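Student: Got a structure for you, questions after.
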Amino acid sequence: MTAAAIRLSPSDNVAVACRNLVPGETIVVEGTTLAITEKVDLGHKIAVSSLKMRDKIVKYGMPIGSATTDVPAGGWVHMHNMQSDYIPAHLRDAAGDHS
């Protein structure tokens, strides 16, 4: 059985969806049960625990940005509720690419 989502490093507070996830679905990530709160596409991040505004988002064992709002465990983490602490959002296009 393939995992629904995986944490890439033990210190990560987000997991990466291994498939599309739907609201109301329950998944388990390393023994933690998460109720998915909104649609999460393959490859996108999910909060493994509740995040508060300004909390660092940790992926690959490193901070990749900060939460701009509170995010519940099982919530989608993306540009609508996080900011890069390294690349200004105005330099990224809708796909998240930057020059």
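Identifiers for the structure tokens are assigned positionally: chains receive A, B, ... in sequence, residues are indexed from 1 per chain, and ligands are indexed from 1 in the order shown.
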Residues within 10 Å of Asp55 in chain A, please, as a PyMOL selection string. Count only C-alpha atoms; anything in the same chain fewer than 5 positions from it doesn't count.
Tutor: chain A and resi 13+50+63+65-71+82
Student: Restrict the selected residues to N, CA and C atoms and save them as a short mmCIF file (atom, residue, chain, number, x, y, z; two decimals), in the first residue's frame.
Tutor:
data_model
loop_
_atom_site.label_atom_id
_atom_site.label_comp_id
_atom_site.auth_asym_id
_atom_site.auth_seq_id
_atom_site.Cartn_x
_atom_site.Cartn_y
_atom_site.Cartn_z
N ASN A 13 7.37 19.82 9.70
CA ASN A 13 6.02 19.99 10.22
C ASN A 13 4.98 19.96 9.10
N SER A 50 -0.97 21.43 13.91
CA SER A 50 -1.50 22.79 13.75
C SER A 50 -0.36 23.79 13.70
N PRO A 63 13.78 25.29 7.36
CA PRO A 63 12.67 26.24 7.20
C PRO A 63 12.62 26.73 5.76
N GLY A 65 9.81 28.78 4.82
CA GLY A 65 8.95 29.96 4.84
C GLY A 65 8.22 30.05 6.17
N SER A 66 7.21 30.91 6.21
CA SER A 66 6.42 31.13 7.43
C SER A 66 4.94 31.11 7.10
N ALA A 67 4.15 30.64 8.04
CA ALA A 67 2.69 30.65 7.88
C ALA A 67 2.19 32.08 7.96
N THR A 68 1.30 32.44 7.06
CA THR A 68 0.71 33.79 7.08
C THR A 68 -0.64 33.79 7.77
N THR A 69 -1.19 32.60 8.06
CA THR A 69 -2.43 32.43 8.81
C THR A 69 -2.28 31.16 9.64
N ASP A 70 -3.20 30.93 10.54
CA ASP A 70 -3.24 29.65 11.25
C ASP A 70 -3.65 28.57 10.26
N VAL A 71 -3.04 27.39 10.38
CA VAL A 71 -3.34 26.26 9.50
C VAL A 71 -3.61 25.05 10.40
N MET A 82 1.13 30.73 3.26
CA MET A 82 2.54 30.77 3.67
C MET A 82 3.29 31.74 2.77
#
Student: Measuring between only C-alpha atoms, which one of A:Ile6, A:Val77, A:Met62, A:Met53 shows the shortest distance to Gly31 in chain A?
Tutor: A:Ile6
Student: Could you give me, as a PyMOL selection string, the residues within 10 Å of Leu42 in chain A, counting only C-alpha atoms and dropping anything in the same chain fewer than 4 positions from it?
Tutor: chain A and resi 4-5+16-21
Student: Write the residues of the selection above to a file with N, CA, C and O atoms, as a tab-separated table (two decimals), in the first residue's frame.
Tutor:
chain	number	residue	atom	x	y	z
A	4	ALA	N	-0.31	7.88	1.63
A	4	ALA	CA	-1.06	9.03	1.10
A	4	ALA	C	-0.21	10.29	1.12
A	4	ALA	O	-0.36	11.17	0.27
A	5	ALA	N	0.70	10.37	2.09
A	5	ALA	CA	1.59	11.53	2.22
A	5	ALA	C	2.82	11.08	3.00
A	5	ALA	O	2.75	10.14	3.81
A	16	VAL	N	4.22	15.71	2.33
A	16	VAL	CA	3.97	15.92	0.91
A	16	VAL	C	2.96	14.88	0.43
A	16	VAL	O	3.14	13.67	0.67
A	17	ALA	N	1.90	15.35	-0.22
A	17	ALA	CA	0.86	14.44	-0.72
A	17	ALA	C	1.42	13.55	-1.83
A	17	ALA	O	2.01	14.05	-2.79
A	18	CYS	N	1.22	12.25	-1.70
A	18	CYS	CA	1.67	11.27	-2.70
A	18	CYS	C	0.58	11.01	-3.73
A	18	CYS	O	0.79	10.22	-4.66
A	19	ARG	N	-0.57	11.61	-3.54
A	19	ARG	CA	-1.69	11.51	-4.47
A	19	ARG	C	-2.62	12.68	-4.16
A	19	ARG	O	-2.42	13.38	-3.16
A	20	ASN	N	-3.62	12.89	-4.98
A	20	ASN	CA	-4.61	13.92	-4.68
A	20	ASN	C	-5.40	13.50	-3.44
A	20	ASN	O	-5.79	12.33	-3.32
A	21	LEU	N	-5.63	14.44	-2.53
A	21	LEU	CA	-6.38	14.18	-1.30
A	21	LEU	C	-7.64	15.04	-1.31
A	21	LEU	O	-7.65	16.14	-1.87
Student: Would you please extract all strand (DSSP E) residues from range 12-92 of chain A, as assigned by DSSP on the backbone, and give them as a list in words?
Tutor: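 Assigned to strand (DSSP E), within range 12-92 of chain A: Val14, Ala15, Val16, Ala17, Thr26, Ile27, Val28, Val29, Thr32, Thr33, Leu34, Ala35, Lys45, Ile46, Ala47, Lys56, Ile57, Val58, Lys59, Met62, Pro63, Ile64, Gly65, Ser66, Ala67, Trp76, Val77, Met82 and Gln83 of chain A.
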Student: Take the residues from that selection and put them in a file with N, CA and C atoms, as a PDB file, in the first residue's frame.
Tutor:
ATOM      1  N   VAL A  14       5.425  19.604   7.894  1.00  0.00           N
ATOM      2  CA  VAL A  14       4.540  19.360   6.764  1.00  0.00           C
ATOM      3  C   VAL A  14       4.896  18.021   6.146  1.00  0.00           C
ATOM      4  N   ALA A  15       3.913  17.432   5.476  1.00  0.00           N
ATOM      5  CA  ALA A  15       4.125  16.221   4.691  1.00  0.00           C
ATOM      6  C   ALA A  15       3.775  16.552   3.259  1.00  0.00           C
ATOM      7  N   VAL A  16       4.220  15.713   2.330  1.00  0.00           N
ATOM      8  CA  VAL A  16       3.968  15.921   0.909  1.00  0.00           C
ATOM      9  C   VAL A  16       2.957  14.882   0.435  1.00  0.00           C
ATOM     10  N   ALA A  17       1.902  15.348  -0.216  1.00  0.00           N
ATOM     11  CA  ALA A  17       0.857  14.444  -0.722  1.00  0.00           C
ATOM     12  C   ALA A  17       1.423  13.555  -1.827  1.00  0.00           C
ATOM     13  N   THR A  26      -9.389  10.790   5.786  1.00  0.00           N
ATOM     14  CA  THR A  26      -8.481  10.617   6.916  1.00  0.00           C
ATOM     15  C   THR A  26      -7.274   9.829   6.446  1.00  0.00           C
ATOM     16  N   ILE A  27      -6.079  10.356   6.722  1.00  0.00           N
ATOM     17  CA  ILE A  27      -4.844   9.671   6.359  1.00  0.00           C
ATOM     18  C   ILE A  27      -3.967   9.542   7.597  1.00  0.00           C
ATOM     19  N   VAL A  28      -2.966   8.697   7.523  1.00  0.00           N
ATOM     20  CA  VAL A  28      -2.011   8.535   8.612  1.00  0.00           C
ATOM     21  C   VAL A  28      -0.621   8.841   8.073  1.00  0.00           C
ATOM     22  N   VAL A  29       0.080   9.740   8.767  1.00  0.00           N
ATOM     23  CA  VAL A  29       1.454  10.089   8.426  1.00  0.00           C
ATOM     24  C   VAL A  29       2.315   9.764   9.633  1.00  0.00           C
ATOM     25  N   THR A  32       0.540   9.536  12.885  1.00  0.00           N
ATOM     26  CA  THR A  32      -0.347  10.666  13.192  1.00  0.00           C
ATOM     27  C   THR A  32      -1.528  10.650  12.229  1.00  0.00           C
ATOM     28  N   THR A  33      -2.736  10.594  12.775  1.00  0.00           N
ATOM     29  CA  THR A  33      -3.943  10.612  11.954  1.00  0.00           C
ATOM     30  C   THR A  33      -4.313  12.050  11.642  1.00  0.00           C
ATOM     31  N   LEU A  34      -4.519  12.328  10.358  1.00  0.00           N
ATOM     32  CA  LEU A  34      -4.864  13.671   9.906  1.00  0.00           C
ATOM     33  C   LEU A  34      -6.169  13.634   9.129  1.00  0.00           C
ATOM     34  N   ALA A  35      -7.089  14.533   9.451  1.00  0.00           N
ATOM     35  CA  ALA A  35      -8.315  14.716   8.678  1.00  0.00           C
ATOM     36  C   ALA A  35      -8.029  15.824   7.674  1.00  0.00           C
ATOM     37  N   LYS A  45       1.883  20.419   0.013  1.00  0.00           N
ATOM     38  CA  LYS A  45       2.163  20.224   1.432  1.00  0.00           C
ATOM     39  C   LYS A  45       0.891  20.186   2.277  1.00  0.00           C
ATOM     40  N   ILE A  46       0.961  19.385   3.352  1.00  0.00           N
ATOM     41  CA  ILE A  46      -0.109  19.256   4.341  1.00  0.00           C
ATOM     42  C   ILE A  46       0.510  19.494   5.715  1.00  0.00           C
ATOM     43  N   ALA A  47      -0.158  20.275   6.555  1.00  0.00           N
ATOM     44  CA  ALA A  47       0.321  20.476   7.920  1.00  0.00           C
ATOM     45  C   ALA A  47       0.183  19.168   8.706  1.00  0.00           C
ATOM     46  N   LYS A  56       7.382  28.861  11.479  1.00  0.00           N
ATOM     47  CA  LYS A  56       8.219  28.446  10.354  1.00  0.00           C
ATOM     48  C   LYS A  56       7.633  27.171   9.752  1.00  0.00           C
ATOM     49  N   ILE A  57       7.623  27.099   8.429  1.00  0.00           N
ATOM     50  CA  ILE A  57       7.244  25.890   7.710  1.00  0.00           C
ATOM     51  C   ILE A  57       8.549  25.136   7.466  1.00  0.00           C
ATOM     52  N   VAL A  58       8.617  23.891   7.954  1.00  0.00           N
ATOM     53  CA  VAL A  58       9.845  23.110   7.841  1.00  0.00           C
ATOM     54  C   VAL A  58       9.612  21.947   6.892  1.00  0.00           C
ATOM     55  N   LYS A  59      10.424  21.903   5.829  1.00  0.00           N
ATOM     56  CA  LYS A  59      10.385  20.840   4.823  1.00  0.00           C
ATOM     57  C   LYS A  59      11.831  20.509   4.487  1.00  0.00           C
ATOM     58  N   MET A  62      14.515  21.789   6.875  1.00  0.00           N
ATOM     59  CA  MET A  62      14.934  23.189   6.857  1.00  0.00           C
ATOM     60  C   MET A  62      13.718  24.099   6.759  1.00  0.00           C
ATOM     61  N   PRO A  63      13.781  25.289   7.358  1.00  0.00           N
ATOM     62  CA  PRO A  63      12.668  26.236   7.202  1.00  0.00           C
ATOM     63  C   PRO A  63      12.616  26.731   5.759  1.00  0.00           C
ATOM     64  N   ILE A  64      11.422  26.669   5.165  1.00  0.00           N
ATOM     65  CA  ILE A  64      11.252  27.130   3.782  1.00  0.00           C
ATOM     66  C   ILE A  64      10.387  28.380   3.700  1.00  0.00           C
ATOM     67  N   GLY A  65       9.812  28.782   4.823  1.00  0.00           N
ATOM     68  CA  GLY A  65       8.953  29.956   4.845  1.00  0.00           C
ATOM     69  C   GLY A  65       8.225  30.050   6.167  1.00  0.00           C
ATOM     70  N   SER A  66       7.211  30.910   6.213  1.00  0.00           N
ATOM     71  CA  SER A  66       6.422  31.135   7.425  1.00  0.00           C
ATOM     72  C   SER A  66       4.940  31.113   7.098  1.00  0.00           C
ATOM     73  N   ALA A  67       4.146  30.640   8.040  1.00  0.00           N
ATOM     74  CA  ALA A  67       2.692  30.649   7.878  1.00  0.00           C
ATOM     75  C   ALA A  67       2.186  32.083   7.964  1.00  0.00           C
ATOM     76  N   TRP A  76      -4.062  22.272   3.904  1.00  0.00           N
ATOM     77  CA  TRP A  76      -3.187  22.498   2.754  1.00  0.00           C
ATOM     78  C   TRP A  76      -2.269  23.669   3.068  1.00  0.00           C
ATOM     79  N   VAL A  77      -0.996  23.510   2.806  1.00  0.00           N
ATOM     80  CA  VAL A  77      -0.008  24.577   3.014  1.00  0.00           C
ATOM     81  C   VAL A  77       0.548  24.945   1.649  1.00  0.00           C
ATOM     82  N   MET A  82       1.131  30.726   3.260  1.00  0.00           N
ATOM     83  CA  MET A  82       2.542  30.772   3.671  1.00  0.00           C
ATOM     84  C   MET A  82       3.290  31.744   2.770  1.00  0.00           C
ATOM     85  N   GLN A  83       4.413  32.200   3.255  1.00  0.00           N
ATOM     86  CA  GLN A  83       5.266  33.061   2.451  1.00  0.00           C
ATOM     87  C   GLN A  83       6.680  32.525   2.516  1.00  0.00           C
TER      88      GLN A  83
END
Student: Would you list the contacts of Asp12 in chain A as a PyMOL selection string, taking every protein, DNA or RNA residue within 7 Å and counting only C-alpha atoms, but skipping same-chain residues closer than 3 positions in sequence?
Tutor: chain A and resi 7-9+58-61
Student: Using only C-alpha atoms, pick whichever of A:Lys52, A:Pro72, A:Thr37, A:Ala3 has the shortest atom-to-atom distance to Pro23 in chain A.
Tutor: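 That would be A:Thr37, the residue with the smallest distance to Pro23 in chain A.
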Student: Tell me, in Å to one decimal, how far CA of Ala73 in chain A is from CA of Ser49 in chain A.
Tutor: 4.3 Å
